[in-house]
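Structure data follow from final.cif (mmCIF, C-alpha atoms):
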```cif
data_target
loop_
_atom_site.label_atom_id
_atom_site.label_comp_id
_atom_site.auth_asym_id
_atom_site.auth_seq_id
_atom_site.Cartn_x
_atom_site.Cartn_y
_atom_site.Cartn_z
CA MET B 1 23.36 11.88 -17.91
CA LEU B 2 21.17 13.94 -15.59
CA GLY B 3 18.03 12.43 -17.10
CA PHE B 4 19.24 8.88 -16.60
CA SER B 5 20.47 9.72 -13.09
CA LEU B 6 16.99 10.95 -12.13
CA LEU B 7 15.41 7.88 -13.73
CA PHE B 8 17.80 5.71 -11.71
CA TYR B 9 17.05 7.51 -8.44
CA GLY B 10 13.29 7.62 -8.89
CA TRP B 11 12.92 4.03 -10.08
CA SER B 12 11.68 2.60 -6.76
CA ARG B 13 9.90 5.68 -5.37
CA PRO B 14 9.22 8.48 -7.90
CA GLU B 15 8.21 10.89 -5.12
CA TRP B 16 11.85 11.04 -4.01
CA LEU B 17 12.51 13.04 -7.17
CA LEU B 18 10.53 15.91 -5.61
CA LEU B 19 12.82 15.86 -2.57
CA ILE B 20 16.11 15.80 -4.44
CA GLY B 21 14.75 18.36 -6.91
CA LEU B 22 13.85 20.68 -4.04
CA GLU B 23 17.28 20.29 -2.46
CA CYS B 24 18.96 21.01 -5.80
CA LEU B 25 16.89 24.19 -6.24
CA VAL B 26 17.69 25.33 -2.69
CA GLY B 27 21.43 24.72 -3.11
CA TYR B 28 21.55 26.30 -6.56
CA GLY B 29 19.44 29.32 -5.59
CA CYS B 30 21.29 30.05 -2.35
CA GLY B 31 24.59 29.79 -4.22
CA LEU B 32 23.42 32.42 -6.72
CA PHE B 33 22.21 34.70 -3.92
CA MET B 34 25.55 34.45 -2.10
CA ASP B 35 27.33 35.33 -5.34
CA LYS B 36 25.31 38.55 -5.69
CA LEU B 37 24.91 39.63 -2.06
CA THR B 38 27.35 40.94 0.53
CA GLY B 39 27.55 41.27 4.29
CA LYS B 40 24.70 40.02 6.44
CA ARG B 41 22.46 39.33 3.46
CA ARG B 42 25.06 36.94 2.08
CA GLN B 43 25.32 35.29 5.47
CA LEU B 44 21.52 35.03 5.62
CA ALA B 45 21.51 33.23 2.24
CA LEU B 46 24.00 30.69 3.60
CA ILE B 47 22.03 30.16 6.83
CA SER B 48 18.77 29.78 4.89
CA GLY B 49 20.22 27.18 2.51
CA VAL B 50 21.95 25.19 5.23
CA GLY B 51 18.87 25.42 7.46
CA ILE B 52 16.47 24.10 4.81
CA ILE B 53 18.78 21.27 3.73
CA CYS B 54 19.47 20.21 7.33
CA ALA B 55 15.78 20.47 8.25
CA LEU B 56 14.87 18.05 5.44
CA LEU B 57 17.58 15.63 6.58
CA PHE B 58 16.39 15.90 10.20
CA TRP B 59 12.75 15.25 9.26
CA PHE B 60 13.37 12.16 7.16
CA LYS B 61 16.24 10.63 9.13
CA TYR B 62 16.16 11.83 12.73
CA PHE B 63 12.67 13.02 13.66
CA ASN B 64 11.38 9.60 14.72
CA PHE B 65 14.62 8.88 16.60
CA PHE B 66 14.23 11.95 18.81
CA ALA B 67 10.43 11.51 18.90
CA ALA B 68 10.91 8.03 20.36
CA ILE B 69 13.22 9.41 23.07
CA ALA B 70 10.75 12.22 23.88
CA GLY B 71 7.89 9.73 23.85
CA GLN B 72 9.61 7.64 26.51
CA ILE B 73 10.18 10.71 28.66
CA PHE B 74 6.61 12.03 28.37
CA ASN B 75 4.91 8.62 27.97
CA ALA B 76 3.41 9.55 24.59
CA ASP B 77 3.43 8.18 21.06
CA LEU B 78 5.05 10.93 18.98
CA LEU B 79 6.23 8.79 16.05
CA VAL B 80 5.26 9.66 12.47
CA LYS B 81 4.93 6.21 10.97
CA THR B 82 4.58 7.45 7.39
CA ILE B 83 8.16 8.76 7.20
CA VAL B 84 10.33 6.72 4.84
CA LEU B 85 14.07 7.37 4.69
CA PRO B 86 15.00 8.44 1.13
CA ILE B 87 17.92 6.45 -0.20
CA GLY B 88 21.23 8.29 -0.25
CA ILE B 89 19.92 11.43 1.48
CA SER B 90 22.94 11.65 3.81
CA PHE B 91 25.36 11.62 0.88
CA TYR B 92 23.79 14.19 -1.41
CA THR B 93 22.89 16.43 1.56
CA PHE B 94 26.57 16.61 2.52
CA GLN B 95 27.53 17.42 -1.07
CA ILE B 96 25.12 20.38 -1.20
CA LEU B 97 26.27 21.62 2.23
CA SER B 98 29.93 21.49 1.18
CA TYR B 99 29.07 23.45 -2.00
CA LEU B 100 27.30 26.17 -0.03
CA ALA B 101 30.15 26.44 2.46
CA ASP B 102 32.79 26.64 -0.29
CA VAL B 103 30.86 29.27 -2.23
CA TYR B 104 30.40 31.34 0.95
CA THR B 105 34.12 31.21 1.79
CA GLN B 106 34.95 31.81 -1.90
CA LYS B 107 36.95 28.60 -2.14
CA THR B 108 35.01 27.74 -5.28
CA PRO B 109 33.09 29.79 -7.85
CA VAL B 110 29.31 29.61 -7.97
CA GLN B 111 27.80 27.29 -10.58
CA LYS B 112 25.46 29.38 -12.73
CA SER B 113 24.14 26.47 -14.77
CA LEU B 114 21.23 24.71 -13.07
CA LEU B 115 21.77 21.67 -15.29
CA ARG B 116 25.40 21.26 -14.23
CA PHE B 117 24.63 21.85 -10.56
CA CYS B 118 21.90 19.20 -10.62
CA LEU B 119 24.30 16.80 -12.34
CA TYR B 120 26.87 17.42 -9.58
CA VAL B 121 24.28 16.41 -6.94
CA CYS B 122 22.57 13.60 -8.87
CA MET B 123 25.31 11.66 -10.71
CA PHE B 124 23.85 8.18 -10.48
CA PHE B 125 27.07 6.25 -9.90
CA GLN B 126 27.82 8.00 -6.58
CA LEU B 127 24.40 9.38 -5.68
CA ILE B 128 23.20 6.78 -3.22
CA ALA B 129 26.31 5.66 -1.35
CA GLY B 130 29.14 8.02 -2.16
CA PRO B 131 31.95 8.74 -2.25
CA ILE B 132 31.09 12.24 -1.01
CA VAL B 133 32.34 14.49 -3.81
CA ARG B 134 33.09 18.18 -3.31
CA TYR B 135 32.09 20.57 -6.02
CA SER B 136 35.66 21.85 -6.41
CA GLU B 137 36.83 18.31 -7.21
CA ILE B 138 34.69 17.97 -10.32
CA GLU B 139 33.87 21.59 -11.18
CA ARG B 140 35.87 21.53 -14.43
CA GLN B 141 34.67 18.05 -15.33
CA LEU B 142 31.03 19.21 -15.34
CA ASP B 143 31.89 21.12 -18.52
CA ASP B 144 32.01 18.71 -21.48
CA ARG B 145 34.95 20.61 -22.94
CA ASN B 146 37.13 19.65 -19.96
CA ARG B 147 36.05 16.02 -19.74
CA HIS B 148 37.84 13.66 -22.08
CA LEU B 149 36.98 10.06 -22.88
CA SER B 150 39.49 7.48 -24.07
CA TRP B 151 39.68 3.73 -24.45
CA GLN B 152 42.46 3.62 -21.87
CA LYS B 153 40.39 5.48 -19.27
CA THR B 154 37.35 3.36 -20.11
CA GLN B 155 39.36 0.18 -19.63
CA LYS B 156 40.71 1.38 -16.27
CA GLY B 157 37.23 2.37 -15.16
CA ALA B 158 35.74 -0.95 -16.25
CA ALA B 159 38.49 -2.85 -14.42
CA GLN B 160 37.84 -0.90 -11.19
CA PHE B 161 34.08 -1.41 -11.55
CA VAL B 162 34.47 -5.17 -12.01
CA CYS B 163 36.91 -5.29 -9.07
CA GLY B 164 34.33 -3.54 -6.88
CA LEU B 165 31.58 -5.84 -8.10
CA ALA B 166 33.72 -8.87 -7.24
CA LYS B 167 34.34 -7.45 -3.75
CA LYS B 168 30.60 -7.19 -3.24
CA VAL B 169 29.37 -10.39 -4.87
CA LEU B 170 32.20 -12.87 -4.30
CA ILE B 171 33.36 -11.76 -0.84
CA ALA B 172 30.99 -9.36 0.96
CA ASN B 173 27.81 -11.31 0.19
CA GLN B 174 29.43 -14.56 1.33
CA LEU B 175 30.61 -12.97 4.57
CA SER B 176 27.12 -11.57 5.14
CA SER B 177 25.60 -15.04 4.69
CA LEU B 178 28.21 -16.44 7.06
CA SER B 179 27.25 -13.87 9.71
CA VAL B 180 23.60 -14.94 9.36
CA PHE B 181 24.74 -18.53 9.88
CA PHE B 182 26.64 -17.52 13.02
CA ARG B 183 23.39 -16.17 14.50
CA SER B 184 21.60 -19.48 13.93
CA VAL B 185 24.09 -21.80 15.65
CA SER B 186 22.82 -23.17 18.96
CA THR B 187 26.20 -24.37 20.29
CA PRO B 188 28.64 -21.44 19.90
CA SER B 189 31.97 -20.84 21.61
CA VAL B 190 34.19 -17.88 22.45
CA VAL B 191 36.28 -18.36 19.29
CA PHE B 192 33.05 -18.73 17.33
CA TYR B 193 31.97 -15.21 18.37
CA TRP B 194 35.37 -13.76 17.42
CA LEU B 195 35.06 -15.39 13.99
CA ASN B 196 31.66 -13.74 13.72
CA GLY B 197 33.24 -10.37 14.57
CA LEU B 198 35.93 -10.93 11.94
CA ALA B 199 33.28 -11.81 9.33
CA ILE B 200 31.26 -8.66 10.18
CA THR B 201 34.32 -6.38 10.00
CA LEU B 202 35.48 -7.77 6.68
CA PHE B 203 31.93 -7.71 5.32
CA ILE B 204 31.51 -3.98 6.06
CA TYR B 205 34.88 -3.22 4.48
CA TYR B 206 34.29 -5.19 1.28
CA ASP B 207 30.67 -4.14 0.94
CA PHE B 208 31.38 -0.41 1.15
CA SER B 209 34.78 -0.32 -0.56
CA GLY B 210 33.28 -2.49 -3.29
CA TYR B 211 30.53 0.05 -3.93
CA SER B 212 33.06 2.89 -3.88
CA ASP B 213 35.18 1.11 -6.49
CA MET B 214 32.12 0.55 -8.67
CA ALA B 215 31.14 4.23 -8.44
CA ILE B 216 34.67 5.48 -9.16
CA GLY B 217 35.03 3.00 -12.04
CA LEU B 218 31.76 4.07 -13.65
CA GLY B 219 32.81 7.69 -13.23
CA LYS B 220 36.08 7.03 -15.08
CA MET B 221 34.19 5.35 -17.90
CA MET B 222 32.23 8.60 -18.32
CA GLY B 223 35.18 10.94 -17.96
CA PHE B 224 34.88 11.83 -14.25
CA GLU B 225 37.70 11.43 -11.75
CA LEU B 226 36.15 10.83 -8.31
CA PRO B 227 38.17 10.76 -5.07
CA GLU B 228 39.21 7.41 -3.64
CA ASN B 229 37.38 6.36 -0.48
CA PHE B 230 39.55 3.56 0.98
CA ASP B 231 43.30 3.02 1.16
CA TYR B 232 44.02 -0.26 2.96
CA PRO B 233 42.92 0.99 6.40
CA PHE B 234 43.65 -2.24 8.31
CA LEU B 235 47.38 -1.86 7.66
CA GLU B 236 47.52 1.16 9.95
CA GLY B 237 48.77 0.80 13.51
CA ASN B 238 46.40 3.10 15.38
CA PHE B 239 42.86 4.47 15.27
CA THR B 240 43.90 7.95 14.13
CA ALA B 241 45.65 6.62 11.03
CA PHE B 242 42.79 4.18 10.41
CA TRP B 243 40.35 7.06 9.93
CA ARG B 244 42.68 8.73 7.44
CA HIS B 245 42.28 5.65 5.22
CA TRP B 246 38.68 4.50 5.92
CA HIS B 247 35.75 6.35 4.27
CA MET B 248 38.22 9.11 3.49
CA THR B 249 35.71 11.47 1.85
CA LEU B 250 33.53 11.48 4.99
CA THR B 251 36.52 11.97 7.29
CA ARG B 252 37.74 14.92 5.23
CA TRP B 253 34.22 16.40 5.16
CA PHE B 254 33.93 16.46 8.95
CA ARG B 255 37.48 17.73 9.30
CA ASP B 256 37.04 20.65 6.90
CA TYR B 257 33.43 21.63 7.61
CA VAL B 258 33.04 20.86 11.33
CA TYR B 259 36.34 20.29 13.15
CA ILE B 260 38.38 23.16 11.66
CA PRO B 261 35.54 25.75 11.76
CA LEU B 262 35.01 24.88 15.44
CA GLY B 263 38.64 25.75 16.07
CA GLY B 264 40.39 22.44 15.44
CA ASN B 265 43.44 22.15 17.67
CA ARG B 266 44.16 25.90 17.70
CA LYS B 267 42.32 26.89 20.89
CA GLY B 268 43.80 24.67 23.56
CA LYS B 269 43.46 21.07 24.67
CA ALA B 270 40.01 21.38 26.27
CA ARG B 271 38.54 22.98 23.14
CA GLN B 272 40.17 20.35 20.93
CA ILE B 273 38.60 17.56 22.99
CA PHE B 274 35.21 19.28 22.73
CA ASN B 275 35.64 19.62 18.96
CA LEU B 276 36.48 15.92 18.68
CA LEU B 277 33.39 15.08 20.73
CA VAL B 278 31.14 17.09 18.39
CA VAL B 279 32.71 15.56 15.27
CA TRP B 280 32.39 11.97 16.43
CA LEU B 281 28.91 12.41 17.86
CA LEU B 282 27.83 13.76 14.46
CA THR B 283 29.75 10.99 12.67
CA GLY B 284 27.84 8.36 14.63
CA LEU B 285 24.50 10.07 13.98
CA TRP B 286 25.34 10.47 10.29
CA HIS B 287 25.57 6.70 9.98
CA GLY B 288 22.16 6.12 11.52
CA ALA B 289 19.48 7.34 13.89
CA ALA B 290 20.01 4.71 16.58
CA LEU B 291 21.79 4.51 19.94
CA ASN B 292 24.31 1.95 18.73
CA PHE B 293 25.57 4.42 16.09
CA VAL B 294 25.79 7.18 18.70
CA LEU B 295 27.81 4.91 20.99
CA TRP B 296 29.93 3.80 18.03
CA GLY B 297 30.84 7.43 17.35
CA LEU B 298 31.51 8.12 21.04
CA LEU B 299 33.71 5.01 21.21
CA PHE B 300 35.97 6.39 18.50
CA PHE B 301 35.96 9.77 20.23
CA VAL B 302 37.35 8.10 23.36
CA LEU B 303 39.91 6.04 21.44
CA LEU B 304 41.16 8.97 19.37
CA THR B 305 41.31 11.26 22.42
CA LEU B 306 43.36 8.69 24.31
CA GLU B 307 45.77 8.38 21.37
CA LYS B 308 46.20 12.14 21.10
CA PHE B 309 46.63 12.98 24.78
CA VAL B 310 47.29 9.87 26.89
CA ILE B 311 48.91 6.94 25.05
CA PRO B 312 52.59 7.60 24.23
CA VAL B 313 53.49 7.59 20.53
CA SER B 314 56.21 5.01 21.21
CA TRP B 315 53.57 2.58 22.49
CA GLN B 316 51.49 3.10 19.36
CA LYS B 317 54.35 1.71 17.24
CA THR B 318 54.57 -1.62 19.07
CA TRP B 319 53.18 -4.95 17.88
CA TRP B 320 50.96 -5.35 20.94
CA TYR B 321 49.31 -1.96 20.38
CA ARG B 322 48.65 -2.95 16.77
CA LEU B 323 46.91 -6.08 18.11
CA ILE B 324 44.84 -3.90 20.48
CA PHE B 325 44.01 -1.63 17.53
CA LEU B 326 42.77 -4.52 15.37
CA CYS B 327 40.69 -5.96 18.23
CA GLY B 328 39.24 -2.50 18.90
CA ILE B 329 38.25 -2.08 15.24
CA LEU B 330 36.64 -5.53 15.26
CA LEU B 331 34.62 -4.79 18.41
CA SER B 332 33.58 -1.38 17.08
CA PHE B 333 32.10 -2.89 13.93
CA VAL B 334 30.23 -5.52 15.90
CA LEU B 335 28.60 -2.58 17.71
CA PHE B 336 28.02 -0.89 14.34
CA TYR B 337 26.42 -3.99 12.81
CA ASP B 338 24.28 -5.34 15.67
CA ASP B 339 20.57 -4.54 15.60
CA SER B 340 20.39 -3.42 19.23
CA LEU B 341 22.48 -2.63 22.28
CA ALA B 342 21.13 -5.77 23.93
CA GLN B 343 22.49 -7.84 21.04
CA PHE B 344 25.87 -6.12 21.31
CA GLN B 345 25.98 -6.69 25.07
CA SER B 346 25.28 -10.39 24.49
CA ASP B 347 27.97 -10.63 21.81
CA LEU B 348 30.49 -8.75 23.93
CA GLN B 349 29.93 -11.00 26.94
CA ALA B 350 30.32 -14.11 24.79
CA MET B 351 33.52 -12.83 23.14
CA PHE B 352 35.16 -12.39 26.55
CA GLY B 353 34.09 -15.74 27.95
CA PHE B 354 31.11 -14.76 30.08
CA GLY B 355 28.10 -17.03 30.09
CA GLY B 356 29.92 -20.35 30.46
CA LEU B 357 30.80 -20.81 26.79
CA PRO B 358 33.73 -23.10 25.92
CA LEU B 359 36.78 -21.57 24.29
CA THR B 360 36.15 -23.61 21.15
CA ASN B 361 34.24 -26.72 20.04
CA GLY B 362 33.64 -28.96 17.05
CA VAL B 363 31.17 -26.58 15.41
CA THR B 364 33.71 -23.75 15.57
CA ILE B 365 36.49 -25.82 14.03
CA TYR B 366 34.17 -27.13 11.31
CA THR B 367 32.95 -23.60 10.49
CA LEU B 368 36.50 -22.25 10.33
CA LEU B 369 37.74 -25.07 8.07
CA SER B 370 34.67 -24.82 5.84
CA ASN B 371 35.24 -21.12 5.27
CA LEU B 372 39.02 -21.03 5.36
CA VAL B 373 39.32 -20.06 1.69
CA LEU B 374 36.82 -17.22 2.13
CA PHE B 375 38.61 -15.85 5.20
CA PHE B 376 42.00 -16.17 3.51
CA ALA B 377 40.82 -14.35 0.38
CA ALA B 378 39.15 -11.60 2.43
CA ILE B 379 42.20 -11.03 4.66
CA ALA B 380 44.63 -11.22 1.73
CA GLY B 381 42.64 -8.55 -0.11
CA CYS B 382 43.31 -6.11 2.74
CA PHE B 383 46.99 -5.98 1.68
CA PRO B 384 48.28 -4.03 -1.35
CA PHE B 385 50.84 -6.75 -2.19
CA TRP B 386 48.47 -8.69 -4.44
CA LYS B 387 47.38 -5.62 -6.41
CA ARG B 388 50.99 -4.55 -6.95
CA ARG B 389 51.99 -8.06 -7.95
CA TYR B 390 49.10 -8.27 -10.39
CA HIS B 391 50.02 -4.98 -12.11
CA HIS B 392 53.68 -6.04 -12.23
CA LEU B 393 52.81 -9.31 -13.97
CA ILE B 394 50.50 -7.57 -16.43
CA SER B 395 53.20 -5.04 -17.35
CA GLN B 396 55.81 -7.77 -17.73
CA ALA B 397 53.59 -10.00 -19.87
CA GLN B 398 53.25 -7.34 -22.61
CA MET B 399 50.00 -8.92 -23.74
CA GLY B 400 47.29 -6.29 -23.63
CA TRP B 401 44.45 -8.79 -23.96
CA ILE B 402 45.11 -10.54 -20.63
CA GLU B 403 43.55 -7.93 -18.32
CA PRO B 404 40.35 -7.37 -20.38
CA ALA B 405 39.87 -11.13 -20.74
CA GLY B 406 40.34 -11.61 -17.01
CA MET B 407 37.86 -8.84 -16.22
CA VAL B 408 35.27 -10.36 -18.55
CA LEU B 409 35.74 -13.71 -16.83
CA VAL B 410 35.29 -12.15 -13.37
CA LEU B 411 32.23 -10.22 -14.60
CA VAL B 412 30.61 -13.40 -15.93
CA LEU B 413 31.38 -15.18 -12.65
CA CYS B 414 29.78 -12.33 -10.65
CA ILE B 415 26.66 -12.36 -12.84
CA ALA B 416 26.35 -16.13 -12.45
CA TRP B 417 26.74 -15.81 -8.68
CA LEU B 418 24.10 -13.07 -8.56
CA ALA B 419 21.69 -15.13 -10.64
CA ALA B 420 22.08 -18.10 -8.32
CA GLY B 421 21.88 -16.07 -5.09
CA THR B 422 19.38 -13.82 -3.34
CA PHE B 423 19.02 -10.04 -3.22
CA ASN B 424 21.66 -8.57 -0.93
CA PRO B 425 21.75 -4.74 -1.06
CA PHE B 426 24.74 -2.62 -0.11
CA LEU B 427 24.90 -1.92 3.63
CA TYR B 428 25.44 1.82 3.16
CA PHE B 429 22.18 2.17 1.20
CA ARG B 430 20.63 2.45 4.69
CA PHE B 431 22.39 5.72 5.35
#
```
Would you kindly transcribe this structure into structure tokens?
Amino acid sequence: MLGFSLLFYGWSRPEWLLLIGLECLVGYGCGLFMDKLTGKRRQLALISGVGIICALLFWFKYFNFFAAIAGQIFNADLLVKTIVLPIGISFYTFQILSYLADVYTQKTPVQKSLLRFCLYVCMFFQLIAGPIVRYSEIERQLDDRNRHLSWQKTQKGAAQFVCGLAKKVLIANQLSSLSVFFRSVSTPSVVFYWLNGLAITLFIYYDFSGYSDMAIGLGKMMGFELPENFDYPFLEGNFTAFWRHWHMTLTRWFRDYVYIPLGGNRKGKARQIFNLLVVWLLTGLWHGAALNFVLWGLLFFVLLTLEKFVIPVSWQKTWWYRLIFLCGILLSFVLFYDDSLAQFQSDLQAMFGFGGLPLTNGVTIYTLLSNLVLFFAAIAGCFPFWKRRYHHLISQAQMGWIEPAGMVLVLVLCIAWLAAGTFNPFLYFRF
């Protein structure tokens, strides 16, 4: 499995194998040192490992971002144009950092097998876009004696994989194409821009949750139980609850390895606000080295701080606050998706009626009616009702062949759609 995972990762750029190999050796070696050392030497091993791993992430992902800012200040070209962002570096970097932290705090035992540690970092199905797996979650499963395969588990894994593939191919890719169409229309309207925002928000959800389902499904087929990453986040009524159900492995990572070590909510209101600021600034930067991601993180810092300290809980349970919440999520993902702040400013002005745009027009109505089925399917999939109803019908039918036959049909449909379409990579491959 490790050999095929490395083949998978190095397929496009074999030199990336040197980087991930180095990070694996650093994480493995520092873990062994911490297991044998005590006191300041043990602390030095942790600092050395974290420092090297973070330095590599900074060089490949953030150096040119800060070099561009410094270049504007000092009127100099400081960019290193040969830097290429290795795919998935943010995900496997966080996995190694969590391992080092857990070994240091003795929350998990050190892994003494280099082979198993490398497999933990490099498992191909979650290597490049998560979910972010902690070592303690799959420690036992890395030992073949504790990992069991069965036809039932394989069938469940295959069904989740096909479901994720359908999310990506049949919904996310179509929403992405629709967003490209929105950009090309010369006679937009206010409603037209809100439809664009809805398409972007749903696209990001289905694209990333689809990949997560595919990774978790493949893991099940090979005996691994990976943590879920999404749990119907749009059904929540406020921004705090939303982030407990969206990209859950990332949220938990920042909570356990940044927010709580900084003091969490134990050192007063001012310190809690500062801790939230640090977490959300880092969350924005984690998603990308660009100002729109920084502002996206700061936006959620403001929203979450307001919910914790200003907005009454009773207000947060009302229908109108839920509407504000959904509009806020939509606007935040337009900021997340746009290529530049200038583009976001233009979109924001248009969505609120500035610039003399009509409320709606014939093009808007035609676009909505033409894509009504797509929007309905995408919105309906955000509710657990359909999944529960499906499982209820399958259990009542007592015909075991129905689900496998349906999954094969969906798989064939996805393959046909892929063959007829164009290359459309997962959005989170960028990070």
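Between B:Val84 and the residues B:Trp320, B:Trp315, B:Tyr62, B:Tyr99, the shortest atom-to-atom distance, using all atoms listed in the file, involves B:Tyr62.
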Chain and number of each residue from the PyMOL selection byres ((chain B and resi 235) around 10), as a ChimeraX atom specification: /B:231-234,236-238,241-242,245,322,326,382-384
Residues near stretch 110-121 of chain B, cut-off 6 Å, all atoms listed in the file, skip fewer than 2 positions along chain, as a PyMOL selection string: chain B and resi 2+24+92+103+123
Selection: 6 Å around stretch 279-281 of chain B, only C-alpha atoms, excl. self and same-chain fewer than 4 positions, as an NGL selection string: :B and (297-298 or 301)
Output check: residues returned by the PyMOL selection byres ((chain B and resi 36-52) around 7), as a list in words: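 Checked against the file, the PyMOL selection byres ((chain B and resi 36-52) around 7) matches Val26, Gly27, Cys30, Leu32, Phe33, Met34, Asp35, Ile53, Cys54, Ala55, Leu56, Leu97, Leu100 and Tyr104 of chain B.
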Next, the residues of the selection above should be written as a PDB file, in the frame of the given file with C-alpha atoms.
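Produced file again.pdb, reproduced below:
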```pdb
ATOM      1  CA  VAL B  26      17.690  25.330  -2.690  1.00  0.00           C
ATOM      2  CA  GLY B  27      21.430  24.720  -3.110  1.00  0.00           C
ATOM      3  CA  CYS B  30      21.290  30.050  -2.350  1.00  0.00           C
ATOM      4  CA  LEU B  32      23.420  32.420  -6.720  1.00  0.00           C
ATOM      5  CA  PHE B  33      22.210  34.700  -3.920  1.00  0.00           C
ATOM      6  CA  MET B  34      25.550  34.450  -2.100  1.00  0.00           C
ATOM      7  CA  ASP B  35      27.330  35.330  -5.340  1.00  0.00           C
ATOM      8  CA  ILE B  53      18.780  21.270   3.730  1.00  0.00           C
ATOM      9  CA  CYS B  54      19.470  20.210   7.330  1.00  0.00           C
ATOM     10  CA  ALA B  55      15.780  20.470   8.250  1.00  0.00           C
ATOM     11  CA  LEU B  56      14.870  18.050   5.440  1.00  0.00           C
ATOM     12  CA  LEU B  97      26.270  21.620   2.230  1.00  0.00           C
ATOM     13  CA  LEU B 100      27.300  26.170  -0.030  1.00  0.00           C
ATOM     14  CA  TYR B 104      30.400  31.340   0.950  1.00  0.00           C
TER      15      TYR B 104
END
```
Between atom CA of B:Gly10 and atom CA of B:Lys61 - distance in Å to one decimal: 18.5 Å
The PyMOL selection byres ((chain B and resi 262) around 10) applied to the shown file, residues as a VMD selection string: chain B and resid 255 to 261 263 to 267 271 to 272 274 to 276 278 to 279
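Using all atoms listed in the file, the contacts of B:Gly406 at a cut-off of 12 Å, with sequence neighbours closer than 5 positions omitted, comprise Ala158, Ala159, Val162, Cys163, Tyr390, Ile394, Gly400, Trp401, Leu411, Val412 and Leu413 of chain B.
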Shell of 8 Å around B:Gly210, only C-alpha atoms, local chain residues under 3 positions omitted, as a PyMOL selection string: chain B and resi 163-168+205-207+213-214
Create the file for the chosen residues now, containing C-alpha atoms and written as an mmCIF file, in the coordinates of the input.
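And here's out.cif as it stands now:
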```cif
data_model
loop_
_atom_site.group_PDB
_atom_site.id
_atom_site.type_symbol
_atom_site.label_atom_id
_atom_site.label_comp_id
_atom_site.auth_asym_id
_atom_site.auth_seq_id
_atom_site.Cartn_x
_atom_site.Cartn_y
_atom_site.Cartn_z
ATOM 1 C CA CYS B 163 36.910 -5.290 -9.070
ATOM 2 C CA GLY B 164 34.330 -3.540 -6.880
ATOM 3 C CA LEU B 165 31.580 -5.840 -8.100
ATOM 4 C CA ALA B 166 33.720 -8.870 -7.240
ATOM 5 C CA LYS B 167 34.340 -7.450 -3.750
ATOM 6 C CA LYS B 168 30.600 -7.190 -3.240
ATOM 7 C CA TYR B 205 34.880 -3.220 4.480
ATOM 8 C CA TYR B 206 34.290 -5.190 1.280
ATOM 9 C CA ASP B 207 30.670 -4.140 0.940
ATOM 10 C CA ASP B 213 35.180 1.110 -6.490
ATOM 11 C CA MET B 214 32.120 0.550 -8.670
#
```
10 Å contact set for B:Phe300, all atoms listed in the file, chain neighbours under 2 positions out, as a VMD selection string: chain B and resid 239 to 240 243 276 to 277 280 to 281 283 to 284 295 to 298 302 to 306 328 to 329 332
Coordinates-based distance that separates atom CA of B:Gln95 from atom CA of B:Leu142 (Å, one decimal):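 For atom CA of B:Leu142 relative to atom CA of B:Gln95, the distance reads 14.8 Å.
Distances to B:Phe181 were evaluated for B:Ala101, B:Ala199, B:Met407, B:Ala290 using all atoms listed in the file, and the minimum falls at B:Ala199.
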